[in-house]
Amino acid sequence: MSTVRREPAGQAAAGADAPVLSCAGVRKRFGSTEVLAGFDLDVAEHEVVVLIGASGSGKSTLLRCVNLLEDVDDGTIHLDGEHITDPRINPDRVRQRIGLVFQSYNLFPHLSVLDNVTLAPRRVHRVVRAQAEERAMAWLSRVGLADKAREYPDRLSGGQQQRVAIVRALVNSPRLLLLDEVTSALDPELVGEVLTMVRDLKSDGMTMLLATHEMGFAKQVADRVCFLSEGRILEQGTPAEVLGDPQQPRTRQFLQRIIESGRL
Ligand SMILES: Nc1ncnc2c1ncn2[C@@H]1O[C@H](COP(=O)(O)OP(=O)(O)OP(=O)(O)O)[C@@H](O)[C@H]1O
C-alpha cells in the first residue's frame, strides 16, 4: 500500500541535508507476527517526528530497534550516515549518541536525582564526577529542578521524575532523542510540565522521534506526524494534515476512536 505524504510547508528540499536517522525497509517479527513490515523513515536534523497508531502497531518496537535494544530481521538503520544495524557495530557506542526515555521513568529509587543523572556518564562514559555533576546541574537548573538534585525519586511528583529521566537522557548530548509514551503514566495535571520541557527542547533544535497516544502532545510538538498501520507508515504530514484532515480511512477510523474516547 502506498504512503500518503504531504510535504510540510517550509521544509528544506529533500536531499539538501543528510538525515540524522534513516530507517529503510526495516522488518521485525515476534513469532508469527510481523510488527515492522518494511518500515521506512528519515528524520532530518532538528526535526520532531511523532509516531501515532493503534496499540500494537509497532511504535515502541521501532524505537527499540533504533536504540539497538532489538535486532532487526531485515533492512537497515543509519545514524548520521553510519550503518548502526551492522552486526559488527558496538551498540554501547551507538547508544551514547541516542537518548531513550520510557513511559515508566525507570529512575533508581536508592539514588539521588543527581546520582541518577550522572550514573551513566561516570560509570559508562568515564566522565569524572565533578564534570558530570556540573553538566547535570546545568540541565537540572534549566528545567527548574536544581533544588531537587539531592532528593530521592520518591520525593518527586511523576512529572518531576519524568523530567529527571529526560535530563538523564540529555546529559550525553545525544544526536537523537527517542521518547516512548513519556506522558502516558502521568496524571493529566502533570502532563503539561513534561510537554513544556519537550517543547523547549524542540526550540533548542533537538532532533526527536516520539511515540504517543496523546494527540494534543503530537499537535504541539510535531513537525511531522506519522500514522503507523500494519508495520509501516500509512500516512504522514503536518499535524494539521494528518490529525485535521486525514486522507486514509484507517487514519480517520483511528482518530474517530480517539475523539470518542475524549483524547483529541
Ligand atoms: N519482546 C516481545 N516479544 C513478543 N512480542 C512482542 C515483543 N515486543 C513487542 N511485541 C509485540 O509486538 C507488537 C507491537 O508492540 P509495540 O509495543 O511495538 O506496539 P505499540 O504501537 O508501541 O503499542 P502501544 O501503543 O500499546 O505501546 C505487539 O503485538 C506486541 O505484543
# chains A, B, ... in the order shown; residues from 1 in each chain; ligands from 1

call {"tool": "closest_atom_pairs", "arguments": {"of": "region 195-260 of chain A", "to": "region 91-109 of chain A", "cutoff": "10 Å", "atoms": "only C-alpha atoms", "output": "CSV"}}
result
residue,atom,partner,partner_atom,distance
A:Met208,CA,A:Gly99,CA,9.4
A:Leu209,CA,A:Leu100,CA,9.6
A:Leu210,CA,A:Val101,CA,9.6
A:Ala211,CA,A:Phe102,CA,9.9
A:Thr212,CA,A:Gln103,CA,9.7

call {"tool": "write_last_selection", "arguments": {"atoms": "C-alpha atoms", "output": "PDB file, in the first residue's frame"}}
result
ATOM      1  CA  MET A 208      13.381  13.879  18.299  1.00  0.00           C
ATOM      2  CA  LEU A 209      11.365  10.804  17.444  1.00  0.00           C
ATOM      3  CA  LEU A 210       8.382  10.247  19.734  1.00  0.00           C
ATOM      4  CA  ALA A 211       5.617   7.712  20.146  1.00  0.00           C
ATOM      5  CA  THR A 212       2.428   8.886  21.799  1.00  0.00           C
TER       6      THR A 212
END

call {"tool": "residues_near_ligand", "arguments": {"ligand": "ligand 1", "cutoff": "10 Å", "atoms": "only C-alpha atoms and all ligand atoms", "output": "PyMOL selection string"}}
result
chain A and resi 28-36+51-65+69-70+103+180-181+184+211-213+228-231

call {"tool": "write_last_selection", "arguments": {"atoms": "N, CA and C atoms", "output": "short mmCIF file (atom, residue, chain, number, x, y, z; two decimals), in the first residue's frame"}}
result
data_model
loop_
_atom_site.label_atom_id
_atom_site.label_comp_id
_atom_site.auth_asym_id
_atom_site.auth_seq_id
_atom_site.Cartn_x
_atom_site.Cartn_y
_atom_site.Cartn_z
N LYS A 28 10.71 -6.46 11.50
CA LYS A 28 10.90 -7.09 12.80
C LYS A 28 9.70 -8.00 13.08
N ARG A 29 10.01 -9.22 13.43
CA ARG A 29 8.97 -10.21 13.65
C ARG A 29 9.10 -10.75 15.07
N PHE A 30 7.97 -10.91 15.74
CA PHE A 30 7.94 -11.65 17.02
C PHE A 30 7.08 -12.87 16.77
N GLY A 31 7.69 -14.04 16.77
CA GLY A 31 6.94 -15.26 16.46
C GLY A 31 6.33 -15.15 15.08
N SER A 32 5.02 -15.33 14.99
CA SER A 32 4.39 -15.30 13.67
C SER A 32 3.91 -13.89 13.31
N THR A 33 4.12 -12.92 14.22
CA THR A 33 3.63 -11.56 13.95
C THR A 33 4.73 -10.68 13.40
N GLU A 34 4.49 -10.15 12.21
CA GLU A 34 5.45 -9.19 11.66
C GLU A 34 5.04 -7.80 12.13
N VAL A 35 5.80 -7.26 13.08
CA VAL A 35 5.44 -5.98 13.70
C VAL A 35 5.91 -4.81 12.85
N LEU A 36 7.09 -4.91 12.28
CA LEU A 36 7.57 -3.89 11.34
C LEU A 36 7.75 -4.60 10.00
N LEU A 51 5.20 9.48 16.12
CA LEU A 51 4.56 8.26 15.63
C LEU A 51 3.25 8.06 16.38
N ILE A 52 2.18 7.89 15.63
CA ILE A 52 0.90 7.56 16.25
C ILE A 52 0.39 6.28 15.60
N GLY A 53 -0.56 5.64 16.25
CA GLY A 53 -1.12 4.41 15.70
C GLY A 53 -1.72 3.59 16.81
N ALA A 54 -2.53 2.63 16.42
CA ALA A 54 -3.22 1.80 17.41
C ALA A 54 -2.22 1.07 18.30
N SER A 55 -2.69 0.65 19.45
CA SER A 55 -1.87 -0.15 20.34
C SER A 55 -1.41 -1.41 19.60
N GLY A 56 -0.13 -1.68 19.65
CA GLY A 56 0.40 -2.86 18.96
C GLY A 56 0.84 -2.60 17.53
N SER A 57 0.77 -1.33 17.09
CA SER A 57 1.14 -1.04 15.69
C SER A 57 2.65 -0.99 15.48
N GLY A 58 3.43 -1.07 16.57
CA GLY A 58 4.87 -1.20 16.40
C GLY A 58 5.69 0.03 16.75
N LYS A 59 5.06 1.03 17.39
CA LYS A 59 5.75 2.29 17.69
C LYS A 59 6.95 2.04 18.62
N SER A 60 6.68 1.35 19.73
CA SER A 60 7.77 1.09 20.69
C SER A 60 8.83 0.19 20.07
N THR A 61 8.40 -0.78 19.31
CA THR A 61 9.36 -1.71 18.68
C THR A 61 10.31 -0.94 17.78
N LEU A 62 9.76 0.02 17.04
CA LEU A 62 10.63 0.82 16.14
C LEU A 62 11.66 1.58 16.97
N LEU A 63 11.20 2.22 18.06
CA LEU A 63 12.14 2.99 18.89
C LEU A 63 13.20 2.07 19.50
N ARG A 64 12.78 0.88 19.90
CA ARG A 64 13.73 -0.07 20.48
C ARG A 64 14.73 -0.58 19.43
N CYS A 65 14.27 -0.73 18.20
CA CYS A 65 15.19 -1.13 17.13
C CYS A 65 16.21 -0.01 16.87
N LEU A 69 18.01 -2.02 21.03
CA LEU A 69 17.55 -2.92 22.09
C LEU A 69 16.89 -4.15 21.48
N GLU A 70 16.52 -4.05 20.21
CA GLU A 70 16.01 -5.18 19.44
C GLU A 70 16.84 -5.28 18.16
N GLN A 103 7.97 5.39 29.16
CA GLN A 103 6.78 5.80 29.90
C GLN A 103 7.02 5.75 31.41
N ASP A 180 9.30 7.50 24.36
CA ASP A 180 8.25 6.50 24.18
C ASP A 180 7.14 6.70 25.21
N GLU A 181 6.05 7.32 24.80
CA GLU A 181 4.88 7.50 25.67
C GLU A 181 5.25 8.19 26.98
N SER A 184 2.27 9.15 29.27
CA SER A 184 1.16 8.22 29.48
C SER A 184 0.93 7.83 30.93
N ALA A 211 6.85 8.48 20.31
CA ALA A 211 5.62 7.71 20.15
C ALA A 211 4.65 8.20 21.21
N THR A 212 3.41 8.44 20.80
CA THR A 212 2.43 8.89 21.80
C THR A 212 1.01 8.50 21.41
N HIS A 213 0.18 8.40 22.46
CA HIS A 213 -1.27 8.25 22.26
C HIS A 213 -1.98 9.58 22.45
N LEU A 228 1.05 4.90 11.88
CA LEU A 228 1.53 3.54 11.61
C LEU A 228 0.37 2.57 11.51
N SER A 229 0.46 1.71 10.55
CA SER A 229 -0.53 0.65 10.42
C SER A 229 0.13 -0.53 9.73
N GLU A 230 -0.08 -1.70 10.27
CA GLU A 230 0.48 -2.92 9.70
C GLU A 230 1.99 -2.82 9.47
N GLY A 231 2.67 -2.23 10.44
CA GLY A 231 4.13 -2.23 10.42
C GLY A 231 4.79 -1.26 9.48
#

call {"tool": "residues_around", "arguments": {"residues": "Val117 (chain A)", "least_positions_apart": "4", "cutoff": "8 Å", "atoms": "only C-alpha atoms", "output": "ChimeraX atom specification"}}
result
/A:113,136,164-165,167-168,171

call {"tool": "write_last_selection", "arguments": {"atoms": "C-alpha atoms", "output": "PDB file, in the first residue's frame"}}
result
ATOM      1  CA  VAL A 113      18.353  12.756  41.406  1.00  0.00           C
ATOM      2  CA  ALA A 136      23.877  17.533  35.258  1.00  0.00           C
ATOM      3  CA  VAL A 164      14.684  13.923  35.521  1.00  0.00           C
ATOM      4  CA  ALA A 165      14.538  10.862  33.246  1.00  0.00           C
ATOM      5  CA  VAL A 167      17.600  15.082  31.723  1.00  0.00           C
ATOM      6  CA  ARG A 168      19.355  11.756  32.274  1.00  0.00           C
ATOM      7  CA  VAL A 171      23.495  14.719  29.663  1.00  0.00           C
TER       8      VAL A 171
END

call {"tool": "closest_residue", "arguments": {"among": "A:Ala130, A:Leu111, A:Leu255, A:Leu170", "to": "Ala149 (chain A)", "atoms": "only C-alpha atoms"}}
result
A:Leu111

call {"tool": "atom_distance", "arguments": {"atom1": "CA of Phe254 (chain A)", "atom2": "CA of Thr183 (chain A)"}}
result
19.6 Å

call {"tool": "select_by_dssp", "arguments": {"residues": "region 8-165 of chain A", "states": "helix (DSSP H, G or I)", "output": "JSON, numbers by chain"}}
result
{"A": [59, 60, 61, 62, 63, 64, 65, 66, 91, 92, 93, 94, 95, 113, 114, 115, 116, 117, 118, 119, 120, 121, 122, 123, 129, 130, 131, 132, 133, 134, 135, 136, 137, 138, 139, 140, 141, 142, 146, 147, 148, 153, 154, 155, 158, 159, 160, 161, 162, 163, 164, 165]}

call {"tool": "write_last_selection", "arguments": {"atoms": "N, CA and C atoms", "output": "short mmCIF file (atom, residue, chain, number, x, y, z; two decimals), in the first residue's frame"}}
result
data_model
loop_
_atom_site.label_atom_id
_atom_site.label_comp_id
_atom_site.auth_asym_id
_atom_site.auth_seq_id
_atom_site.Cartn_x
_atom_site.Cartn_y
_atom_site.Cartn_z
N LYS A 59 5.06 1.03 17.39
CA LYS A 59 5.75 2.29 17.69
C LYS A 59 6.95 2.04 18.62
N SER A 60 6.68 1.35 19.73
CA SER A 60 7.77 1.09 20.69
C SER A 60 8.83 0.19 20.07
N THR A 61 8.40 -0.78 19.31
CA THR A 61 9.36 -1.71 18.68
C THR A 61 10.31 -0.94 17.78
N LEU A 62 9.76 0.02 17.04
CA LEU A 62 10.63 0.82 16.14
C LEU A 62 11.66 1.58 16.97
N LEU A 63 11.20 2.22 18.06
CA LEU A 63 12.14 2.99 18.89
C LEU A 63 13.20 2.07 19.50
N ARG A 64 12.78 0.88 19.90
CA ARG A 64 13.73 -0.07 20.48
C ARG A 64 14.73 -0.58 19.43
N CYS A 65 14.27 -0.73 18.20
CA CYS A 65 15.19 -1.13 17.13
C CYS A 65 16.21 -0.01 16.87
N VAL A 66 15.74 1.24 16.89
CA VAL A 66 16.65 2.37 16.64
C VAL A 66 17.72 2.44 17.73
N PRO A 91 26.99 -1.70 20.12
CA PRO A 91 25.75 -1.00 20.45
C PRO A 91 25.93 0.08 21.52
N ASP A 92 26.84 -0.13 22.45
CA ASP A 92 27.03 0.88 23.51
C ASP A 92 27.53 2.19 22.93
N ARG A 93 28.38 2.08 21.93
CA ARG A 93 28.91 3.30 21.31
C ARG A 93 27.78 4.06 20.59
N VAL A 94 26.87 3.31 19.97
CA VAL A 94 25.73 3.94 19.29
C VAL A 94 24.80 4.59 20.31
N ARG A 95 24.56 3.85 21.41
CA ARG A 95 23.60 4.36 22.42
C ARG A 95 24.09 5.64 23.10
N VAL A 113 18.57 12.25 42.77
CA VAL A 113 18.35 12.76 41.41
C VAL A 113 19.70 12.96 40.71
N LEU A 114 20.63 13.61 41.42
CA LEU A 114 21.93 13.90 40.81
C LEU A 114 22.67 12.61 40.45
N ASP A 115 22.63 11.62 41.34
CA ASP A 115 23.32 10.36 41.05
C ASP A 115 22.63 9.60 39.91
N ASN A 116 21.28 9.68 39.85
CA ASN A 116 20.59 9.06 38.72
C ASN A 116 21.08 9.65 37.40
N VAL A 117 21.20 10.98 37.40
CA VAL A 117 21.54 11.67 36.15
C VAL A 117 23.01 11.45 35.77
N THR A 118 23.88 11.32 36.79
CA THR A 118 25.32 11.24 36.48
C THR A 118 25.85 9.81 36.41
N LEU A 119 25.00 8.84 36.75
CA LEU A 119 25.49 7.45 36.81
C LEU A 119 26.11 6.98 35.49
N ALA A 120 25.35 7.13 34.40
CA ALA A 120 25.88 6.64 33.11
C ALA A 120 27.12 7.41 32.66
N PRO A 121 27.10 8.76 32.73
CA PRO A 121 28.32 9.46 32.32
C PRO A 121 29.54 9.00 33.13
N ARG A 122 29.35 8.76 34.44
CA ARG A 122 30.51 8.40 35.28
C ARG A 122 30.95 6.95 35.06
N ARG A 123 29.93 6.03 35.07
CA ARG A 123 30.28 4.61 35.01
C ARG A 123 30.57 4.12 33.60
N ARG A 129 33.58 12.76 38.17
CA ARG A 129 32.39 13.14 38.92
C ARG A 129 32.10 14.64 38.83
N ALA A 130 33.11 15.47 39.07
CA ALA A 130 32.88 16.93 39.11
C ALA A 130 32.31 17.43 37.78
N GLN A 131 32.86 16.90 36.70
CA GLN A 131 32.41 17.35 35.38
C GLN A 131 30.99 16.85 35.09
N ALA A 132 30.75 15.58 35.46
CA ALA A 132 29.41 15.00 35.24
C ALA A 132 28.38 15.77 36.06
N GLU A 133 28.74 16.13 37.29
CA GLU A 133 27.77 16.84 38.15
C GLU A 133 27.55 18.26 37.66
N GLU A 134 28.58 18.88 37.14
CA GLU A 134 28.43 20.25 36.62
C GLU A 134 27.46 20.25 35.44
N ARG A 135 27.65 19.25 34.55
CA ARG A 135 26.78 19.14 33.38
C ARG A 135 25.34 18.83 33.81
N ALA A 136 25.21 17.92 34.78
CA ALA A 136 23.88 17.53 35.26
C ALA A 136 23.18 18.72 35.91
N MET A 137 23.92 19.49 36.74
CA MET A 137 23.31 20.62 37.43
C MET A 137 22.87 21.69 36.43
N ALA A 138 23.64 21.85 35.36
CA ALA A 138 23.26 22.84 34.34
C ALA A 138 21.91 22.46 33.74
N TRP A 139 21.75 21.16 33.44
CA TRP A 139 20.48 20.70 32.87
C TRP A 139 19.34 20.80 33.89
N LEU A 140 19.62 20.37 35.13
CA LEU A 140 18.57 20.41 36.16
C LEU A 140 18.13 21.85 36.41
N SER A 141 19.06 22.78 36.38
CA SER A 141 18.70 24.20 36.57
C SER A 141 17.82 24.67 35.43
N ARG A 142 18.20 24.28 34.24
CA ARG A 142 17.44 24.72 33.06
C ARG A 142 16.00 24.28 33.11
N ALA A 146 16.86 22.13 39.93
CA ALA A 146 18.16 22.17 40.64
C ALA A 146 17.96 21.91 42.14
N ASP A 147 16.86 22.41 42.69
CA ASP A 147 16.65 22.25 44.14
C ASP A 147 16.27 20.81 44.51
N LYS A 148 16.06 19.96 43.51
CA LYS A 148 15.71 18.55 43.78
C LYS A 148 16.92 17.63 43.62
N PRO A 153 14.04 9.89 44.24
CA PRO A 153 12.90 9.96 43.32
C PRO A 153 11.53 9.91 44.00
N ASP A 154 11.39 9.15 45.10
CA ASP A 154 10.05 9.04 45.70
C ASP A 154 9.57 10.34 46.35
N ARG A 155 10.45 11.34 46.43
CA ARG A 155 10.03 12.65 46.96
C ARG A 155 9.58 13.58 45.84
N GLY A 158 5.33 12.64 39.69
CA GLY A 158 5.57 11.88 38.47
C GLY A 158 6.14 12.74 37.36
N GLY A 159 5.61 13.97 37.26
CA GLY A 159 6.09 14.87 36.21
C GLY A 159 7.55 15.25 36.42
N GLN A 160 7.90 15.47 37.70
CA GLN A 160 9.30 15.80 38.01
C GLN A 160 10.20 14.61 37.73
N GLN A 161 9.73 13.41 38.10
CA GLN A 161 10.55 12.20 37.83
C GLN A 161 10.77 12.02 36.33
N GLN A 162 9.71 12.27 35.56
CA GLN A 162 9.87 12.09 34.11
C GLN A 162 10.83 13.14 33.55
N ARG A 163 10.79 14.35 34.08
CA ARG A 163 11.72 15.39 33.61
C ARG A 163 13.15 15.01 33.97
N VAL A 164 13.34 14.40 35.15
CA VAL A 164 14.68 13.92 35.52
C VAL A 164 15.13 12.83 34.54
N ALA A 165 14.20 11.94 34.20
CA ALA A 165 14.54 10.86 33.25
C ALA A 165 14.95 11.45 31.90
#

call {"tool": "decode", "arguments": {"residues": "region 179-224 of chain A", "atoms": "N, CA and C atoms", "output": "compact mmCIF listing (two decimals), in the first residue's frame"}}
result
# COMPACT_ATOMS: atom_id res chain seq x y z
N LEU A 179 11.49 9.33 22.55
CA LEU A 179 10.59 9.43 23.71
C LEU A 179 9.42 8.50 23.47
N ASP A 180 9.30 7.50 24.36
CA ASP A 180 8.25 6.50 24.18
C ASP A 180 7.14 6.70 25.21
N GLU A 181 6.05 7.32 24.80
CA GLU A 181 4.88 7.50 25.67
C GLU A 181 5.25 8.19 26.98
N VAL A 182 6.02 9.26 26.90
CA VAL A 182 6.55 9.84 28.14
C VAL A 182 5.51 10.54 29.00
N THR A 183 4.29 10.74 28.46
CA THR A 183 3.27 11.38 29.30
C THR A 183 2.18 10.40 29.74
N SER A 184 2.27 9.15 29.27
CA SER A 184 1.16 8.22 29.48
C SER A 184 0.93 7.83 30.93
N ALA A 185 2.00 7.80 31.73
CA ALA A 185 1.84 7.35 33.11
C ALA A 185 1.49 8.50 34.05
N LEU A 186 1.37 9.71 33.50
CA LEU A 186 1.22 10.89 34.36
C LEU A 186 -0.24 11.28 34.54
N ASP A 187 -0.54 11.80 35.74
CA ASP A 187 -1.86 12.39 35.94
C ASP A 187 -1.98 13.58 34.99
N PRO A 188 -3.21 13.84 34.50
CA PRO A 188 -3.38 14.90 33.50
C PRO A 188 -2.75 16.23 33.90
N GLU A 189 -2.81 16.58 35.19
CA GLU A 189 -2.29 17.90 35.59
C GLU A 189 -0.75 17.95 35.54
N LEU A 190 -0.11 16.78 35.40
CA LEU A 190 1.36 16.76 35.37
C LEU A 190 1.90 16.66 33.94
N VAL A 191 0.99 16.42 32.98
CA VAL A 191 1.43 16.26 31.59
C VAL A 191 2.06 17.55 31.08
N GLY A 192 1.46 18.69 31.47
CA GLY A 192 1.87 19.99 30.95
C GLY A 192 3.35 20.28 31.15
N GLU A 193 3.89 19.93 32.33
CA GLU A 193 5.29 20.29 32.61
C GLU A 193 6.24 19.49 31.73
N VAL A 194 5.87 18.23 31.42
CA VAL A 194 6.72 17.41 30.54
C VAL A 194 6.60 17.93 29.10
N LEU A 195 5.37 18.27 28.74
CA LEU A 195 5.13 18.82 27.41
C LEU A 195 5.93 20.11 27.20
N THR A 196 5.93 20.98 28.21
CA THR A 196 6.69 22.23 28.11
C THR A 196 8.17 21.94 27.92
N MET A 197 8.67 20.93 28.64
CA MET A 197 10.09 20.59 28.52
C MET A 197 10.41 20.11 27.10
N VAL A 198 9.53 19.27 26.56
CA VAL A 198 9.77 18.75 25.20
C VAL A 198 9.68 19.90 24.19
N ARG A 199 8.76 20.83 24.41
CA ARG A 199 8.66 21.98 23.50
C ARG A 199 9.91 22.85 23.58
N ASP A 200 10.46 23.00 24.79
CA ASP A 200 11.71 23.78 24.93
C ASP A 200 12.85 23.08 24.19
N LEU A 201 12.90 21.76 24.29
CA LEU A 201 13.96 21.01 23.59
C LEU A 201 13.81 21.19 22.09
N LYS A 202 12.57 21.20 21.64
CA LYS A 202 12.32 21.42 20.21
C LYS A 202 12.82 22.82 19.80
N SER A 203 12.53 23.82 20.63
CA SER A 203 13.00 25.18 20.33
C SER A 203 14.52 25.24 20.26
N ASP A 204 15.17 24.39 21.08
CA ASP A 204 16.64 24.34 21.05
C ASP A 204 17.18 23.60 19.84
N GLY A 205 16.29 22.97 19.08
CA GLY A 205 16.74 22.29 17.87
C GLY A 205 17.05 20.81 18.06
N MET A 206 16.62 20.23 19.19
CA MET A 206 16.86 18.80 19.41
C MET A 206 16.09 17.97 18.39
N THR A 207 16.77 17.01 17.79
CA THR A 207 16.11 16.09 16.85
C THR A 207 15.43 15.00 17.68
N MET A 208 14.13 14.81 17.44
CA MET A 208 13.38 13.88 18.30
C MET A 208 12.45 12.98 17.49
N LEU A 209 12.33 11.76 17.98
CA LEU A 209 11.37 10.80 17.44
C LEU A 209 10.55 10.30 18.64
N LEU A 210 9.24 10.53 18.59
CA LEU A 210 8.38 10.25 19.73
C LEU A 210 7.26 9.29 19.35
N ALA A 211 6.85 8.48 20.31
CA ALA A 211 5.62 7.71 20.15
C ALA A 211 4.65 8.20 21.21
N THR A 212 3.41 8.44 20.80
CA THR A 212 2.43 8.89 21.80
C THR A 212 1.01 8.50 21.41
N HIS A 213 0.18 8.40 22.46
CA HIS A 213 -1.27 8.25 22.26
C HIS A 213 -1.98 9.58 22.45
N GLU A 214 -1.22 10.58 22.90
CA GLU A 214 -1.80 11.89 23.21
C GLU A 214 -1.74 12.76 21.97
N MET A 215 -2.88 12.94 21.32
CA MET A 215 -2.87 13.71 20.08
C MET A 215 -2.58 15.19 20.35
N GLY A 216 -2.94 15.68 21.55
CA GLY A 216 -2.62 17.06 21.92
C GLY A 216 -1.11 17.26 21.96
N PHE A 217 -0.42 16.28 22.49
CA PHE A 217 1.04 16.30 22.56
C PHE A 217 1.61 16.33 21.14
N ALA A 218 1.08 15.44 20.30
CA ALA A 218 1.55 15.37 18.90
C ALA A 218 1.36 16.73 18.21
N LYS A 219 0.16 17.31 18.41
CA LYS A 219 -0.17 18.59 17.76
C LYS A 219 0.81 19.68 18.16
N GLN A 220 1.19 19.67 19.45
CA GLN A 220 2.00 20.79 19.95
C GLN A 220 3.48 20.68 19.63
N VAL A 221 3.99 19.45 19.46
CA VAL A 221 5.45 19.34 19.27
C VAL A 221 5.88 18.86 17.88
N ALA A 222 4.96 18.23 17.14
CA ALA A 222 5.41 17.56 15.92
C ALA A 222 5.63 18.52 14.76
N ASP A 223 6.73 18.31 14.03
CA ASP A 223 6.85 18.89 12.71
C ASP A 223 6.11 17.98 11.73
N ARG A 224 6.19 16.68 12.05
CA ARG A 224 5.59 15.69 11.15
C ARG A 224 4.97 14.58 12.00
